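Next up, run-v7.txt (compact mmCIF, C-alpha atoms):
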```txt
# COMPACT_ATOMS: atom_id res chain seq x y z
CA MET A 87 98.39 100.87 98.78
CA ALA A 88 96.54 101.62 101.96
CA SER A 89 93.01 100.41 101.44
CA ALA A 90 90.76 98.32 99.32
CA TYR A 91 89.17 101.52 98.08
CA GLN A 92 92.48 102.75 96.65
CA LEU A 93 92.85 99.40 94.94
CA ARG A 94 89.28 99.72 93.69
CA SER A 95 90.23 102.99 92.05
CA LEU A 96 93.22 101.38 90.32
CA VAL A 97 91.15 98.41 89.18
CA ASP A 98 88.50 100.78 87.89
CA SER A 99 91.14 102.56 85.82
CA ALA A 100 92.41 99.23 84.48
CA ILE A 101 89.21 97.41 83.60
CA GLY A 102 86.32 99.67 84.59
CA SER A 103 85.26 100.27 80.99
CA LYS A 104 84.93 96.52 80.40
CA LEU A 105 82.77 95.78 83.42
CA GLY A 106 79.04 95.27 83.40
CA ASN A 107 76.39 96.75 85.63
CA TYR A 108 74.43 96.11 88.77
CA ASN A 109 70.75 96.62 88.08
CA LEU A 110 69.01 98.10 91.07
CA PRO A 111 65.33 97.52 91.89
CA ASP A 112 64.52 101.18 91.19
CA GLY A 113 65.69 100.76 87.58
CA SER A 114 69.01 102.53 88.00
CA THR A 115 72.36 100.91 87.29
CA SER A 116 75.76 100.99 88.90
CA PRO A 117 79.15 99.71 87.66
CA ALA A 118 79.68 96.08 88.67
CA LEU A 119 82.74 96.75 90.81
CA TRP A 120 82.27 95.95 94.49
CA VAL A 121 84.40 96.00 97.63
CA ARG A 122 83.15 93.07 99.67
CA GLY A 123 83.47 93.24 103.41
CA GLN A 124 80.85 94.37 105.85
CA GLN A 125 78.48 94.82 102.94
CA GLN A 126 77.71 92.16 100.35
CA VAL A 127 76.11 92.92 97.00
CA PRO A 128 72.40 93.30 97.86
CA LYS A 129 70.42 90.20 96.96
CA ASP A 130 67.79 92.13 95.00
CA TRP A 131 70.37 93.55 92.59
CA THR A 132 70.94 91.68 89.35
CA ILE A 133 74.16 91.67 87.35
CA THR A 134 74.75 91.95 83.64
CA GLY A 135 78.14 91.48 82.01
CA ILE A 136 81.34 91.12 83.98
CA GLU A 137 81.51 91.69 87.72
CA CYS A 138 84.64 92.47 89.72
CA VAL A 139 84.71 91.96 93.49
CA ILE A 140 87.57 92.99 95.77
CA ASP A 141 87.82 91.68 99.31
CA GLU A 142 87.93 94.53 101.80
CA VAL A 143 90.39 92.68 104.03
CA PRO A 144 93.54 91.43 102.32
CA GLU A 145 95.51 88.31 103.11
CA MET A 146 98.54 89.16 105.23
CA VAL A 147 101.63 87.09 105.97
CA ASN A 148 104.57 88.13 108.12
CA GLN A 149 107.77 86.82 106.60
CA PRO A 150 110.57 86.34 109.13
CA THR A 151 113.77 88.28 108.59
CA LEU A 152 117.19 87.92 110.17
CA SER A 153 116.74 91.24 111.96
CA GLN A 154 113.92 92.83 113.93
CA ALA A 155 112.55 94.31 110.75
CA VAL A 156 109.07 93.23 109.73
CA PHE A 157 108.33 92.24 106.19
CA LEU A 158 104.61 92.10 105.71
CA SER A 159 103.39 90.45 102.59
CA THR A 160 99.88 91.62 101.87
CA ARG A 161 97.85 90.61 98.89
CA TRP A 162 94.38 91.54 97.74
CA PRO A 163 92.06 88.88 96.34
CA ILE A 164 90.11 89.96 93.27
CA TYR A 165 87.29 87.90 91.76
CA LEU A 166 86.05 88.38 88.22
CA THR A 167 82.89 86.66 86.98
CA SER A 168 81.32 86.87 83.55
CA TYR A 169 77.55 86.63 83.89
CA ASP A 170 77.23 87.05 80.13
CA THR A 171 77.71 83.56 78.73
CA ALA A 172 78.58 85.00 75.31
CA LYS A 173 81.39 87.17 76.71
CA THR A 174 84.62 85.66 77.98
CA LEU A 175 87.01 87.14 80.52
CA ALA A 176 89.92 87.03 78.02
CA GLU A 177 90.09 90.77 77.37
CA VAL A 178 89.67 91.76 81.02
CA ARG A 179 92.24 89.17 82.03
CA GLU A 180 94.77 90.58 79.59
CA LEU A 181 94.16 94.14 80.78
CA ILE A 182 94.48 93.34 84.47
CA PHE A 183 97.68 91.39 83.84
CA GLN A 184 99.07 94.36 81.95
CA TRP A 185 98.23 96.77 84.77
CA PHE A 186 99.43 94.47 87.54
CA PRO A 187 102.30 92.41 86.11
CA ASP A 188 103.16 90.99 89.54
CA ILE A 189 99.77 89.33 89.93
CA GLN A 190 99.96 86.06 91.86
CA ASP A 191 98.22 82.69 91.76
CA PRO A 192 95.63 83.30 89.04
CA VAL A 193 92.90 80.66 89.02
CA HIS A 194 90.77 80.63 85.91
CA VAL A 195 87.68 78.46 85.82
CA ALA A 196 86.04 78.12 82.43
CA GLN A 197 82.30 78.32 81.95
CA THR A 198 80.51 75.00 82.41
CA ASP A 199 76.94 73.95 81.80
CA ILE A 200 76.07 74.92 85.37
CA SER A 201 78.52 77.67 86.35
CA PHE A 202 79.80 80.99 85.01
CA GLU A 203 83.39 81.70 83.98
CA THR A 204 85.47 83.08 86.84
CA LEU A 205 88.99 84.33 87.43
CA LYS A 206 90.58 84.83 90.84
CA VAL A 207 93.85 86.71 91.18
CA PHE A 208 95.88 88.18 94.02
CA ILE A 209 97.51 91.59 93.76
CA PRO A 210 100.54 91.82 96.05
CA ASP A 211 101.06 94.89 98.20
CA TYR A 212 104.39 94.84 100.00
CA SER A 213 105.24 96.87 103.04
CA ILE A 214 108.51 96.90 104.94
CA GLN A 215 108.68 98.19 108.49
CA PRO A 216 112.27 99.00 109.48
CA GLU A 217 113.81 98.03 112.80
CA ARG A 218 112.90 100.26 115.71
CA SER A 219 115.80 101.62 117.70
CA MET B 204 148.52 70.68 97.46
CA ALA B 205 145.64 68.44 98.45
CA ARG B 206 144.09 66.58 95.61
CA PRO B 207 140.43 67.52 95.07
CA GLN B 208 138.15 64.66 95.96
CA LYS B 209 134.76 64.00 94.53
CA LEU B 210 132.15 64.29 97.24
CA ASP B 211 129.96 61.21 97.51
CA THR B 212 126.42 62.53 97.90
CA SER B 213 124.66 59.23 97.24
CA SER B 214 123.62 58.77 100.90
CA LEU B 215 122.24 62.30 101.04
CA ASP B 216 120.43 61.90 97.72
CA LYS B 217 118.85 58.67 98.94
CA ALA B 218 117.79 60.26 102.23
CA VAL B 219 116.28 63.26 100.45
CA ALA B 220 114.38 60.98 98.07
CA THR B 221 113.01 58.92 100.96
CA ALA B 222 112.02 62.01 102.98
CA THR B 223 110.32 63.54 99.94
CA GLN B 224 108.39 60.34 99.26
CA LYS B 225 107.29 60.08 102.91
CA LEU B 226 106.15 63.72 102.91
CA VAL B 227 104.14 63.15 99.74
CA GLU B 228 102.44 60.13 101.34
CA ARG B 229 101.68 62.19 104.45
CA LEU B 230 100.18 65.00 102.36
CA SER B 231 98.16 62.50 100.36
CA VAL B 232 96.54 61.26 103.56
CA GLU B 233 95.91 64.83 104.72
CA TYR B 234 94.25 65.88 101.44
CA THR B 235 91.92 62.87 101.68
CA ASN B 236 91.18 63.66 105.31
CA GLU B 237 90.27 67.23 104.46
CA ILE B 238 87.90 66.16 101.67
CA SER B 239 86.26 63.69 104.07
CA SER B 240 86.05 66.13 106.96
CA SER B 241 82.59 67.51 107.85
CA LYS B 242 83.95 71.01 108.36
CA TRP B 243 82.97 72.87 105.22
CA ASP B 244 80.28 75.54 105.16
CA TRP B 245 77.47 74.63 102.81
CA ILE B 246 74.59 76.57 101.25
CA ASP B 247 72.06 75.23 103.75
CA GLY B 248 73.94 76.89 106.60
CA GLN B 249 75.22 73.54 107.85
CA THR B 250 78.68 72.09 107.57
CA ARG B 251 79.44 68.96 105.60
CA ASP B 252 82.20 67.04 103.87
CA ILE B 253 83.09 67.36 100.17
CA VAL B 254 81.87 63.91 99.22
CA ASP B 255 78.79 63.33 97.07
CA THR B 256 79.60 60.51 94.72
CA GLY B 257 83.17 60.03 95.94
CA ARG B 258 84.61 60.65 92.46
CA LEU B 259 86.60 63.72 93.49
CA ARG B 260 88.17 62.01 96.49
CA ALA B 261 88.87 58.83 94.54
CA SER B 262 90.45 60.78 91.69
CA GLN B 263 93.33 62.02 93.84
CA THR B 264 96.61 61.09 92.21
CA TYR B 265 100.19 62.17 92.45
CA ARG B 266 103.11 61.74 90.12
CA GLN B 267 106.82 62.34 90.38
CA VAL B 268 107.78 65.16 88.03
CA THR B 269 111.48 65.35 88.92
CA PRO B 270 113.44 63.51 91.63
CA ASP B 271 112.40 66.14 94.19
CA LYS B 272 109.15 67.40 92.74
CA TYR B 273 105.74 65.75 92.95
CA GLU B 274 102.44 66.91 91.55
CA PHE B 275 99.01 66.18 93.04
CA SER B 276 95.90 66.32 90.89
CA TRP B 277 92.18 65.64 91.12
CA PRO B 278 91.19 65.01 87.49
CA VAL B 279 87.44 65.38 87.62
CA GLU B 280 85.76 68.11 85.62
CA TYR B 281 84.30 69.95 88.62
CA ALA B 282 87.34 69.89 90.93
CA THR B 283 88.24 73.56 90.45
CA GLN B 284 84.67 74.71 91.02
CA VAL B 285 84.56 72.76 94.28
CA HIS B 286 87.93 74.12 95.40
CA GLU B 287 87.40 77.73 94.38
CA GLY B 288 83.63 78.00 94.60
CA ALA B 289 81.35 78.82 91.69
CA GLN B 290 78.58 81.18 90.62
CA LEU B 291 75.77 79.00 89.36
CA LYS B 292 73.77 79.81 86.23
CA GLY B 293 70.61 78.71 87.95
CA GLY B 294 71.25 81.23 90.72
CA GLY B 295 73.16 80.87 93.93
CA GLU B 296 76.71 79.81 94.43
CA TRP B 297 78.93 77.09 95.75
CA PRO B 298 81.21 78.29 98.52
CA ALA B 299 84.93 77.72 98.08
CA ARG B 300 86.19 74.59 99.85
CA PRO B 301 89.96 74.83 99.44
CA TRP B 302 90.97 71.45 100.79
CA THR B 303 94.53 71.69 99.45
CA ARG B 304 95.19 74.93 101.34
CA THR B 305 93.84 73.66 104.65
CA ALA B 306 95.76 70.39 104.30
CA LEU B 307 98.99 72.31 103.78
CA GLU B 308 98.17 74.39 106.86
CA ASN B 309 97.58 71.25 108.93
CA VAL B 310 100.90 69.62 108.08
CA ASP B 311 104.19 71.21 109.06
CA SER B 312 105.86 69.98 105.88
CA LYS B 313 109.27 71.44 106.66
CA LYS B 314 109.45 69.84 110.09
CA TYR B 315 108.11 66.52 108.80
CA PHE B 316 110.67 66.46 105.99
CA GLU B 317 113.52 67.39 108.35
CA THR B 318 112.58 64.66 110.85
CA ILE B 319 112.59 61.94 108.19
CA LEU B 320 115.77 63.29 106.63
CA ARG B 321 117.62 63.26 109.98
CA ARG B 322 116.42 59.73 110.69
CA GLU B 323 117.55 58.50 107.28
CA LEU B 324 120.95 60.16 107.54
CA SER B 325 121.62 58.80 111.01
CA GLY B 326 120.91 55.29 109.78
```
Encoded form using structure tokens:
Amino acid sequence: MASAYQLRSLVDSAIGSKLGNYNLPDGSTSPALWVRGQQQVPKDWTITGIECVIDEVPEMVNQPTLSQAVFLSTRWPIYLTSYDTAKTLAEVRELIFQWFPDIQDPVHVAQTDISFETLKVFIPDYSIQPERS
Amino acid sequence: MARPQKLDTSSLDKAVATATQKLVERLSVEYTNEISSSKWDWIDGQTRDIVDTGRLRASQTYRQVTPDKYEFSWPVEYATQVHEGAQLKGGGEWPARPWTRTALENVDSKKYFETILRRELSG
């Protein structure tokens, strides 16, 4: 994977049909799938259903090797929130786990009386740079 | 042919157990420090600690799962929301305040463990 936008496309294929909508002030709607970086979701948009947010900048860790090779471990944080209190994340969770079986560190927080149900996962994206001669 | 001898690992086992216990105690202090630290971004634009009633901080417990495995927990109902952040039904959100992650970044666990282990093994 090269960018968050490529990941967005994959995520859209996996769970796009289950996501809700952003409701724009002009009455139009847009799928609730957002790449968060320089731009946040505008404050005057409302959300119905399930929202998926991908961080534009992934976490990156350089794992030492015994050679001069570089093993970069990159992983993309993805946040799912159900703004519909009658709809759980169970189906979306199952789908995303099927599409990305190597998902790491899922953190599921159930709905409470004050907060919505959320699920955070990391999708790993390995890259190996060979030794330079 | 030399007769095989059973290796006595009791000293090593004892040293590992002591080093593990000391590391757990060190991490316990660091987790509490992080919760008490006024470093966390809050919704008013200021920074503050993670202490309101003190229940979360006071709930910190650890238990030995296996001889070399310990488990920390904070058994209050809102601990995950505080750690991971939350979208609030009344609007707005709580920012994530991942005190376990920052504590683990602050402590060089491998070095700490090795130092104690060496000290224990050298008597």
Which chain B residues have any atom within 7 Å of an atom of chain A, and for each, what is the nearest pair of atoms with distance in Å to one decimal, counting only C-alpha atoms, rows sorted by chain and number, as a tab-separated table?
```
residue	atom	partner	partner_atom	distance
B:Thr283	CA	A:Val195	CA	6.8
B:Ala289	CA	A:Ser201	CA	6.2
B:Gln290	CA	A:Ser201	CA	5.5
B:Leu291	CA	A:Ser201	CA	4.3
B:Lys292	CA	A:Ser201	CA	5.2
```
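Proximity of B:Arg266, B:Arg300, B:Lys272, B:Arg321 to Ser239 (chain B), computed with all atoms listed in the file, is greatest for B:Arg300.
Nearest residue to Tyr165 (chain A), choosing from A:Asp188, A:Glu137, A:Glu177, A:Glu145 and counting only C-alpha atoms: A:Glu137.
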Inset, instruction - Considering only C-alpha atoms, state which residue in the set B:Ile253, B:Leu210, B:Leu307, B:Ala218 is at the smallest distance from Leu324 (chain B). - result: B:Ala218
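With only C-alpha atoms taken into account, every residue lying no more than 12 Å from the file point (88.0, 66.3, 89.0) is included here: B:Thr256, B:Gly257, B:Arg258, B:Leu259, B:Arg260, B:Ala261, B:Ser262, B:Gln263, B:Thr264, B:Phe275, B:Ser276, B:Trp277, B:Pro278, B:Val279, B:Glu280, B:Tyr281, B:Ala282, B:Thr283, B:Gln284, B:Val285, B:His286.
CA of Val147 (chain A) is positioned 20.6 Å from CA of Tyr91 (chain A).
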Inset, instruction - Mind checking which residues fall within 12 Å of Asp252 (chain B), counting only C-alpha atoms, ignoring those fewer than 6 positions away in the same chain, and posting them as a PyMOL selection string? - result: chain B and resi 235-245+259-260+285+300-302
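Here CA of Ser95 (chain A) stands at a distance of 25.5 Å from CA of Pro111 (chain A).
With all atoms listed in the file as the basis for measurement, A:Ile209 is the residue among A:Leu158, A:Ile209, A:Ile133, A:Leu105 that approaches Trp185 (chain A) most closely.
Using all atoms listed in the file, the shortest contact distance between Glu142 (chain A) and any of A:Ser89, A:Thr160, A:Gln154, A:Thr115 is found at A:Ser89.
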Legend entry - Neighbour list for region 117-126 of chain A as a ChimeraX atom specification, cut-off 10 Å, all atoms listed in the file, skip fewer than 4 positions in-chain: /A:90-91,93-95,97-98,101-109,132-143,164-166
